[in-house]
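Structure first, commentary second.
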Amino acid sequence: MTVLPDDGLSLAAEFPDATHEQWQRLVEGVLRKSGKDVSGEAAEDALSTKLEDGLITRPLYTAPETAEETGFPGFAPFIRGGSPAGGAAAGWDVRQRYVGNDPVRVNEAVLTDLENGVTSLWLSLGGGPGGLPVDALPRALDGVYLDLAPVSLDAGAEYADAGRALLRLYAERRVAPEAARASLGADPLGHEARTGEVLDLAGAVGLAREAAAHWPGVRTLLVDALPYHEAGGSAAEELGLSLATGVAYLRALTEGAATDGAPTAEGPTAEGLGVDAALGQLEFRYAATADQFLTIAKFRAARRLWARIAEACGAPDAGAQRQHAVTSPVMMTRRDPWVNMLRTTVACMAAGVGGADSVTVLPFDHELGLPDAFARRIARNTSTILLEESHLARVIDPAGGSYYVEQLTDELAHAAWEFFQTIEKAGGLAAALRSGLVADRLAATWAERSKRLAKRREPITGVSEFPLLSEKPLDREPAPAGPTGGLPRVRRDEAYEALRARSDAHLAATGNRPRIFLAALGPAAAHTARATFAANLFQAGGVEPVHDPVSVDPATAAEAYAASGADGMAVLCSSDALYEEQAEAVAAALRAAGATTVFLAGKPGTSAGAVDEYVFAGCDAVAVLSSVLDRMGVSS
């Protein structure tokens with residue numbers, strides 16, 4: 001840190017320090033003008049935002065509100081990073097994902113990516129989704145310098161065969177044991193969460209002992225939190241379940257390592273690994289979302305929580321969590337997929353700033369099928385631009401010291417720890433999965449989030465906000481189906497996608513999309529805001545708004561509606577003042593022309609009796625649109 005010399009000048013020295021109470025009084029004055037007569041903490045609460053897990057984002061954070069001491073990068077509790085150098089040396093590992101059962105095509109993609117910025121490989125094998133045959137691994141990695149490019153495997157139930165195949169390949173290609181860097185991807189509990197299939201931990205333990213004894217840079221067990229994220233889990237639930245998984249694996253790895261039954265920090269024994277060695281066998285995988293601050297806090301909190309586990313096991317210095325970030329599949333959309341580039345860029349940035357060791361950016365067309373060369377290029381270049389042009393990795397823990405981030409990290413860690421304790425009280429993760437506790441908890445969380453999505457409180461650009469009905473769909477080769485039988489997989493756009501699919505089918509069958517007439521009253525200044533709102537709302541369900549002519553009145557409304565081709569629906573759009581003057585007459589004219597339902601864009605109760613229904617900010621858009629399509633005769 002550069003220390004400036006004391007030149008005897010102090011900025012703003014003549015002004016007294018402002019206090020939190022003074023700021024609160026200013027807030028009270030502003031709120032009072034808007035009709036809210038609140039004071040003190042209540043005034044601050046009025047400007048706060050509630051998040052999942054009971055977290056609250058407040059409008060102002062100051063130094064006294066920050067969490068406890070965060071320590072230094074590379075030292076317990078590892079909040080600021082798992083390495084003393086942070087990302088200053090080379091940045092995060094750029095890890096690309098590969099699916100498909102053709103080893104030649106996979107090899108071509110691997111070599112292209114490695115030549116253009118990718119630094120490690122994530123391969124699906126055997127029982128993984130769309131995996132290569134295990135015996136095709138050598139062909140898929142032909143021409144790859146295995147001492148330079150770390151490999152991460154995803155083989156589902158076949159993790160043992162796949163892991164040993166990779167270790168044999170290292171030996172055959174004479175890779176020095178200390179140069180081999182890999183994650184063998186053994187995750188029996190994650191596989192159970194995905195498929196409902198129970199796997200014995202013994203195979204993973206045996207593979208881990210082999211790796212610990214001969215391959216010091218290879219990690220065997222993966223703690224994959226993506227199944228819980230993809231089932232609708234919150235950030236705290238994702239963290240809590242990853243802790244429960246990690247603890248279950250630690251217990252299995254260290255079983256019998258000490259004669260008194262307590263884990264020790266020594267190396268491997270005939271019965272089990274020491275705690276240090278066992279901790280070194282784990283890698284954690286988390287989702288990175290476009291909620292940048294929550295993602296930053298999640299990766300920082302995850303390291304803090306795992307450090308607490310390591311401390312409780314007697315190995316505090318070995319508690320640096322190895323983290324792999326994957327941009328969230330839940331946030332990816334099928335409509336207007338180009339916006340996914342923005343989502344994954346923010347998510348990648350947040351994961352990197354949060355201190356993730358490896359980052360996988362899913363291609364923007366991930367939800368449409370197998371990515372093309374352009375999509376793969378954009379995915380890998382996302383990290384390259386952030387690293388080489390934005391220089392994000394040149395600062396260790398760039399979010400550290402932000403009062404908001406520090407407080408959010410602390411609150412998220414406490415919420416996750418509480419859920420982790422709930423899982424442990426239920427008998428551990430395996431018992432919680434099999435009893436339905438995990439599924440029920442995640443389903444409840446997703447149900448609440450679905451309400452926000454339906455009401456567009458959580459907008460989805462290109463889907464629930466600013467949809468484009470004339471968009472031409474991208475054509476992609478279908479991706480292999482993922483595993484099923486366990487926890488469900490959800491997507492933010494799923495409710496709107498179902499509505500749009502109904503509209504697409506109607507278009508294919510009739511040559512037209514379902515239509516609604518926008519009856520705009522008065523000049524543009526009076527109706528533009530609500531006409532734009534209504535158009536966005538109905539297009540989110542695949543209903544085409546007809547806004548021609550731009551403005552109508554009681555004398556022209558019937559003719560305009562008849563010419564619109566609308567399917568029995570119209571919506572009035574204007575100011576409250578013009579509604580009072582014209583709504584009743586225009587609605588009557590629309591009904592006379594054949595409209596069976598007349599909506600009004602505005603708060604319920606406006607021009608009561610003149611219209612049938614209302615659409616407004618905060619209404620249940622999914623319910624409204626589903627009902628509209630039903631009444632238009634658009635089959636589901």
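Within each chain, counting starts at residue 1; across the structure tokens, chains are named A, B, ... in the order shown, with ligands numbered 1 upward in that order.
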Compile a residue-level contact table for stretch 36-131 of chain A against stretch 469-481 of chain A at a cut-off of 9 Å, reporting for every qualifying residue the shortest atom pair and its distance in Å to one decimal, with only C-alpha atoms counted, rows ordered by chain and ascending number, as a Markdown table.
```
| residue | atom | partner | partner_atom | distance |
| --- | --- | --- | --- | --- |
| A:Val99 | CA | A:Pro480 | CA | 7.9 |
| A:Gly100 | CA | A:Pro480 | CA | 7.1 |
| A:Asn101 | CA | A:Pro480 | CA | 8.9 |
| A:Pro129 | CA | A:Ala481 | CA | 6.5 |
| A:Gly130 | CA | A:Pro480 | CA | 4.7 |
| A:Gly131 | CA | A:Pro480 | CA | 8.4 |
```
Given the selection you just returned, output its residues as a file containing all heavy atoms, formatted as a short mmCIF file (atom, residue, chain, number, x, y, z; two decimals), in the first residue's frame.
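As a result, out.cif now contains:
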```
data_model
loop_
_atom_site.label_atom_id
_atom_site.label_comp_id
_atom_site.auth_asym_id
_atom_site.auth_seq_id
_atom_site.Cartn_x
_atom_site.Cartn_y
_atom_site.Cartn_z
N VAL A 99 -18.95 -32.44 -23.66
CA VAL A 99 -19.88 -33.57 -23.66
C VAL A 99 -19.94 -34.11 -25.08
O VAL A 99 -19.54 -33.45 -26.04
CB VAL A 99 -21.28 -33.16 -23.18
CG1 VAL A 99 -21.26 -32.67 -21.75
CG2 VAL A 99 -21.88 -32.08 -24.09
N GLY A 100 -20.44 -35.31 -25.21
CA GLY A 100 -20.54 -35.95 -26.51
C GLY A 100 -19.82 -37.28 -26.49
O GLY A 100 -18.86 -37.47 -25.75
N ASN A 101 -20.28 -38.22 -27.31
CA ASN A 101 -19.70 -39.56 -27.28
C ASN A 101 -18.74 -39.84 -28.42
O ASN A 101 -18.33 -40.98 -28.62
CB ASN A 101 -20.81 -40.61 -27.27
CG ASN A 101 -21.78 -40.41 -28.43
OD1 ASN A 101 -21.46 -39.76 -29.42
ND2 ASN A 101 -22.98 -40.98 -28.29
N PRO A 129 -23.31 -37.13 -17.95
CA PRO A 129 -24.27 -36.73 -18.98
C PRO A 129 -23.61 -36.64 -20.35
O PRO A 129 -22.69 -35.86 -20.55
CB PRO A 129 -24.76 -35.36 -18.48
CG PRO A 129 -23.70 -34.89 -17.54
CD PRO A 129 -23.10 -36.09 -16.93
N GLY A 130 -24.10 -37.46 -21.28
CA GLY A 130 -23.54 -37.43 -22.63
C GLY A 130 -22.09 -37.82 -22.67
O GLY A 130 -21.32 -37.28 -23.47
N GLY A 131 -21.68 -38.75 -21.82
CA GLY A 131 -20.27 -39.02 -21.65
C GLY A 131 -19.65 -39.89 -22.73
O GLY A 131 -20.30 -40.70 -23.38
#
```
* alpha helix (DSSP H) call set, DSSP backbone run, stretch 197-423 of chain A, as a ChimeraX atom specification -> /A:202-214,226-230,235-254,275-279,292-312,339-354,373-388,403-423
* **Those of stretch 74-234 of chain A in DSSP strand (DSSP E), formatted as a count of residues only** => 27
For stretch 278-370 of chain A versus stretch 412-422 of chain A, which residues have an atom no more than 10 Å away, and what is each residue's nearest atom pair and distance in Å rounded to one decimal, using only C-alpha atoms, chain-then-number order, as CSV?
```
residue,atom,partner,partner_atom,distance
A:Leu294,CA,A:Leu412,CA,8.6
A:Ala297,CA,A:Leu412,CA,7.4
A:Lys298,CA,A:Leu412,CA,7.1
A:Arg300,CA,A:Ala413,CA,8.8
A:Ala301,CA,A:Ala413,CA,5.1
A:Ala302,CA,A:Ala413,CA,7.3
A:Arg303,CA,A:Ala413,CA,9.5
A:Arg304,CA,A:Ala413,CA,7.6
A:Leu305,CA,A:Ala413,CA,6.6
```
What would the file look like if the residues just selected were written as a short mmCIF file (atom, residue, chain, number, x, y, z; two decimals), in the first residue's frame with C-alpha atoms?
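Result file follows (again28.cif):
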```cif
data_model
loop_
_atom_site.label_atom_id
_atom_site.label_comp_id
_atom_site.auth_asym_id
_atom_site.auth_seq_id
_atom_site.Cartn_x
_atom_site.Cartn_y
_atom_site.Cartn_z
CA LEU A 294 -24.40 -12.64 -3.79
CA ALA A 297 -20.21 -13.42 -1.03
CA LYS A 298 -21.02 -17.09 -1.67
CA ARG A 300 -15.99 -16.08 0.23
CA ALA A 301 -18.47 -17.56 2.71
CA ALA A 302 -17.83 -21.09 1.40
CA ARG A 303 -14.14 -20.79 2.22
CA ARG A 304 -14.87 -19.42 5.65
CA LEU A 305 -17.30 -22.24 6.44
#
```
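The space separating atom CA of A:Leu487 from atom CA of A:Ser183 comes to 24.0 Å.
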* To do: Please provide the set of residues having any atom within 7 Å of A:Leu253, restricted to only C-alpha atoms, with same-chain residues fewer than 4 positions apart removed, written as a PyMOL selection string.
  => chain A and resi 205+249+272-273+278
* Asked: Could you name the residues that touch A:Phe293 at 10 Å or less, counting only C-alpha atoms, but leaving out those on the same chain fewer than 5 positions away, as an MDAnalysis selection string?
  -> chainID A and resid 298 347 350:351 353:354 399 404:405 408:409
If you count only C-alpha atoms, which residues fall within 9 Å of A:Phe374, apart from same-chain ones fewer than 4 positions away, as a PDB file with all heavy atoms, in the first residue's frame?
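The result, stored in result-v2.pdb:
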```pdb
ATOM      1  N   PRO A 363     -21.487 -22.053 -22.582  1.00  0.00           N
ATOM      2  CA  PRO A 363     -21.787 -21.314 -23.811  1.00  0.00           C
ATOM      3  C   PRO A 363     -23.198 -20.726 -23.772  1.00  0.00           C
ATOM      4  O   PRO A 363     -24.103 -21.275 -23.145  1.00  0.00           O
ATOM      5  CB  PRO A 363     -21.646 -22.383 -24.901  1.00  0.00           C
ATOM      6  CG  PRO A 363     -20.738 -23.416 -24.311  1.00  0.00           C
ATOM      7  CD  PRO A 363     -21.071 -23.436 -22.845  1.00  0.00           C
ATOM      8  N   ILE A 378     -16.813 -17.649 -27.568  1.00  0.00           N
ATOM      9  CA  ILE A 378     -17.286 -16.585 -26.678  1.00  0.00           C
ATOM     10  C   ILE A 378     -17.135 -17.003 -25.218  1.00  0.00           C
ATOM     11  O   ILE A 378     -16.749 -16.209 -24.356  1.00  0.00           O
ATOM     12  CB  ILE A 378     -18.754 -16.232 -26.993  1.00  0.00           C
ATOM     13  CG1 ILE A 378     -18.858 -15.592 -28.383  1.00  0.00           C
ATOM     14  CG2 ILE A 378     -19.329 -15.302 -25.929  1.00  0.00           C
ATOM     15  CD1 ILE A 378     -18.130 -14.270 -28.517  1.00  0.00           C
ATOM     16  N   ALA A 379     -17.433 -18.272 -24.924  1.00  0.00           N
ATOM     17  CA  ALA A 379     -17.352 -18.755 -23.547  1.00  0.00           C
ATOM     18  C   ALA A 379     -15.927 -18.647 -23.005  1.00  0.00           C
ATOM     19  O   ALA A 379     -15.697 -18.142 -21.904  1.00  0.00           O
ATOM     20  CB  ALA A 379     -17.844 -20.200 -23.471  1.00  0.00           C
TER      21      ALA A 379
END
```
* **12 Å contact set for A:Asn107, only C-alpha atoms, chain neighbours under 4 positions out, as a PyMOL selection string** => chain A and resi 98-103+111-114+121+123+132+136-144
What would the file look like if the residues just selected were written as a PDB file, in the first residue's frame with N, CA, C and O atoms?
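The file below, selection.pdb, is the result:
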```pdb
ATOM      1  N   TYR A  98     -16.819 -30.442 -21.779  1.00  0.00           N
ATOM      2  CA  TYR A  98     -16.958 -31.213 -23.013  1.00  0.00           C
ATOM      3  C   TYR A  98     -17.930 -32.368 -22.807  1.00  0.00           C
ATOM      4  O   TYR A  98     -17.758 -33.174 -21.891  1.00  0.00           O
ATOM      5  N   VAL A  99     -18.946 -32.439 -23.656  1.00  0.00           N
ATOM      6  CA  VAL A  99     -19.877 -33.566 -23.661  1.00  0.00           C
ATOM      7  C   VAL A  99     -19.939 -34.111 -25.077  1.00  0.00           C
ATOM      8  O   VAL A  99     -19.543 -33.451 -26.039  1.00  0.00           O
ATOM      9  N   GLY A 100     -20.445 -35.313 -25.206  1.00  0.00           N
ATOM     10  CA  GLY A 100     -20.543 -35.953 -26.506  1.00  0.00           C
ATOM     11  C   GLY A 100     -19.821 -37.280 -26.490  1.00  0.00           C
ATOM     12  O   GLY A 100     -18.859 -37.468 -25.745  1.00  0.00           O
ATOM     13  N   ASN A 101     -20.276 -38.216 -27.307  1.00  0.00           N
ATOM     14  CA  ASN A 101     -19.700 -39.558 -27.278  1.00  0.00           C
ATOM     15  C   ASN A 101     -18.743 -39.844 -28.419  1.00  0.00           C
ATOM     16  O   ASN A 101     -18.328 -40.979 -28.619  1.00  0.00           O
ATOM     17  N   ASP A 102     -18.372 -38.815 -29.180  1.00  0.00           N
ATOM     18  CA  ASP A 102     -17.423 -38.982 -30.271  1.00  0.00           C
ATOM     19  C   ASP A 102     -16.062 -38.456 -29.824  1.00  0.00           C
ATOM     20  O   ASP A 102     -15.868 -37.240 -29.722  1.00  0.00           O
ATOM     21  N   PRO A 103     -15.081 -39.330 -29.559  1.00  0.00           N
ATOM     22  CA  PRO A 103     -13.793 -38.858 -29.046  1.00  0.00           C
ATOM     23  C   PRO A 103     -13.036 -37.982 -30.034  1.00  0.00           C
ATOM     24  O   PRO A 103     -12.260 -37.114 -29.622  1.00  0.00           O
ATOM     25  N   LEU A 111      -8.337 -29.441 -28.375  1.00  0.00           N
ATOM     26  CA  LEU A 111      -7.112 -28.835 -28.895  1.00  0.00           C
ATOM     27  C   LEU A 111      -7.338 -27.389 -29.322  1.00  0.00           C
ATOM     28  O   LEU A 111      -6.484 -26.518 -29.093  1.00  0.00           O
ATOM     29  N   THR A 112      -8.487 -27.122 -29.934  1.00  0.00           N
ATOM     30  CA  THR A 112      -8.803 -25.745 -30.327  1.00  0.00           C
ATOM     31  C   THR A 112      -8.882 -24.836 -29.104  1.00  0.00           C
ATOM     32  O   THR A 112      -8.339 -23.721 -29.097  1.00  0.00           O
ATOM     33  N   ASP A 113      -9.557 -25.305 -28.079  1.00  0.00           N
ATOM     34  CA  ASP A 113      -9.718 -24.488 -26.875  1.00  0.00           C
ATOM     35  C   ASP A 113      -8.379 -24.250 -26.170  1.00  0.00           C
ATOM     36  O   ASP A 113      -8.100 -23.148 -25.693  1.00  0.00           O
ATOM     37  N   LEU A 114      -7.553 -25.296 -26.084  1.00  0.00           N
ATOM     38  CA  LEU A 114      -6.265 -25.146 -25.413  1.00  0.00           C
ATOM     39  C   LEU A 114      -5.360 -24.169 -26.161  1.00  0.00           C
ATOM     40  O   LEU A 114      -4.540 -23.468 -25.550  1.00  0.00           O
ATOM     41  N   LEU A 121      -9.456 -28.896 -18.555  1.00  0.00           N
ATOM     42  CA  LEU A 121     -10.512 -29.594 -19.282  1.00  0.00           C
ATOM     43  C   LEU A 121     -11.463 -30.289 -18.316  1.00  0.00           C
ATOM     44  O   LEU A 121     -11.039 -30.901 -17.342  1.00  0.00           O
ATOM     45  N   LEU A 123     -14.231 -33.124 -18.605  1.00  0.00           N
ATOM     46  CA  LEU A 123     -14.720 -34.153 -19.519  1.00  0.00           C
ATOM     47  C   LEU A 123     -15.827 -34.987 -18.897  1.00  0.00           C
ATOM     48  O   LEU A 123     -15.711 -35.425 -17.750  1.00  0.00           O
ATOM     49  N   LEU A 132     -18.330 -39.712 -22.881  1.00  0.00           N
ATOM     50  CA  LEU A 132     -17.539 -40.582 -23.729  1.00  0.00           C
ATOM     51  C   LEU A 132     -17.406 -41.957 -23.092  1.00  0.00           C
ATOM     52  O   LEU A 132     -17.424 -42.073 -21.866  1.00  0.00           O
ATOM     53  N   ALA A 136     -12.368 -44.499 -24.403  1.00  0.00           N
ATOM     54  CA  ALA A 136     -12.060 -43.500 -25.427  1.00  0.00           C
ATOM     55  C   ALA A 136     -11.271 -42.319 -24.855  1.00  0.00           C
ATOM     56  O   ALA A 136     -10.923 -41.396 -25.600  1.00  0.00           O
ATOM     57  N   LEU A 137     -10.975 -42.342 -23.573  1.00  0.00           N
ATOM     58  CA  LEU A 137     -10.272 -41.223 -22.942  1.00  0.00           C
ATOM     59  C   LEU A 137      -8.926 -40.936 -23.606  1.00  0.00           C
ATOM     60  O   LEU A 137      -8.622 -39.763 -23.874  1.00  0.00           O
ATOM     61  N   PRO A 138      -8.080 -41.961 -23.889  1.00  0.00           N
ATOM     62  CA  PRO A 138      -6.797 -41.656 -24.533  1.00  0.00           C
ATOM     63  C   PRO A 138      -6.962 -40.927 -25.870  1.00  0.00           C
ATOM     64  O   PRO A 138      -6.198 -40.002 -26.171  1.00  0.00           O
ATOM     65  N   ARG A 139      -7.973 -41.323 -26.664  1.00  0.00           N
ATOM     66  CA  ARG A 139      -8.176 -40.656 -27.958  1.00  0.00           C
ATOM     67  C   ARG A 139      -8.640 -39.227 -27.770  1.00  0.00           C
ATOM     68  O   ARG A 139      -8.215 -38.319 -28.485  1.00  0.00           O
ATOM     69  N   ALA A 140      -9.510 -39.007 -26.801  1.00  0.00           N
ATOM     70  CA  ALA A 140     -10.014 -37.649 -26.569  1.00  0.00           C
ATOM     71  C   ALA A 140      -8.904 -36.713 -26.114  1.00  0.00           C
ATOM     72  O   ALA A 140      -8.956 -35.506 -26.376  1.00  0.00           O
ATOM     73  N   LEU A 141      -7.891 -37.253 -25.436  1.00  0.00           N
ATOM     74  CA  LEU A 141      -6.789 -36.436 -24.928  1.00  0.00           C
ATOM     75  C   LEU A 141      -5.534 -36.572 -25.776  1.00  0.00           C
ATOM     76  O   LEU A 141      -4.441 -36.200 -25.337  1.00  0.00           O
ATOM     77  N   ASP A 142      -5.678 -37.078 -26.983  1.00  0.00           N
ATOM     78  CA  ASP A 142      -4.539 -37.206 -27.882  1.00  0.00           C
ATOM     79  C   ASP A 142      -3.982 -35.821 -28.209  1.00  0.00           C
ATOM     80  O   ASP A 142      -4.720 -34.920 -28.601  1.00  0.00           O
ATOM     81  N   GLY A 143      -2.670 -35.667 -28.056  1.00  0.00           N
ATOM     82  CA  GLY A 143      -2.036 -34.389 -28.355  1.00  0.00           C
ATOM     83  C   GLY A 143      -2.080 -33.386 -27.215  1.00  0.00           C
ATOM     84  O   GLY A 143      -1.573 -32.264 -27.351  1.00  0.00           O
ATOM     85  N   VAL A 144      -2.685 -33.742 -26.091  1.00  0.00           N
ATOM     86  CA  VAL A 144      -2.778 -32.848 -24.938  1.00  0.00           C
ATOM     87  C   VAL A 144      -1.574 -33.077 -24.021  1.00  0.00           C
ATOM     88  O   VAL A 144      -1.256 -34.221 -23.683  1.00  0.00           O
TER      89      VAL A 144
END
```
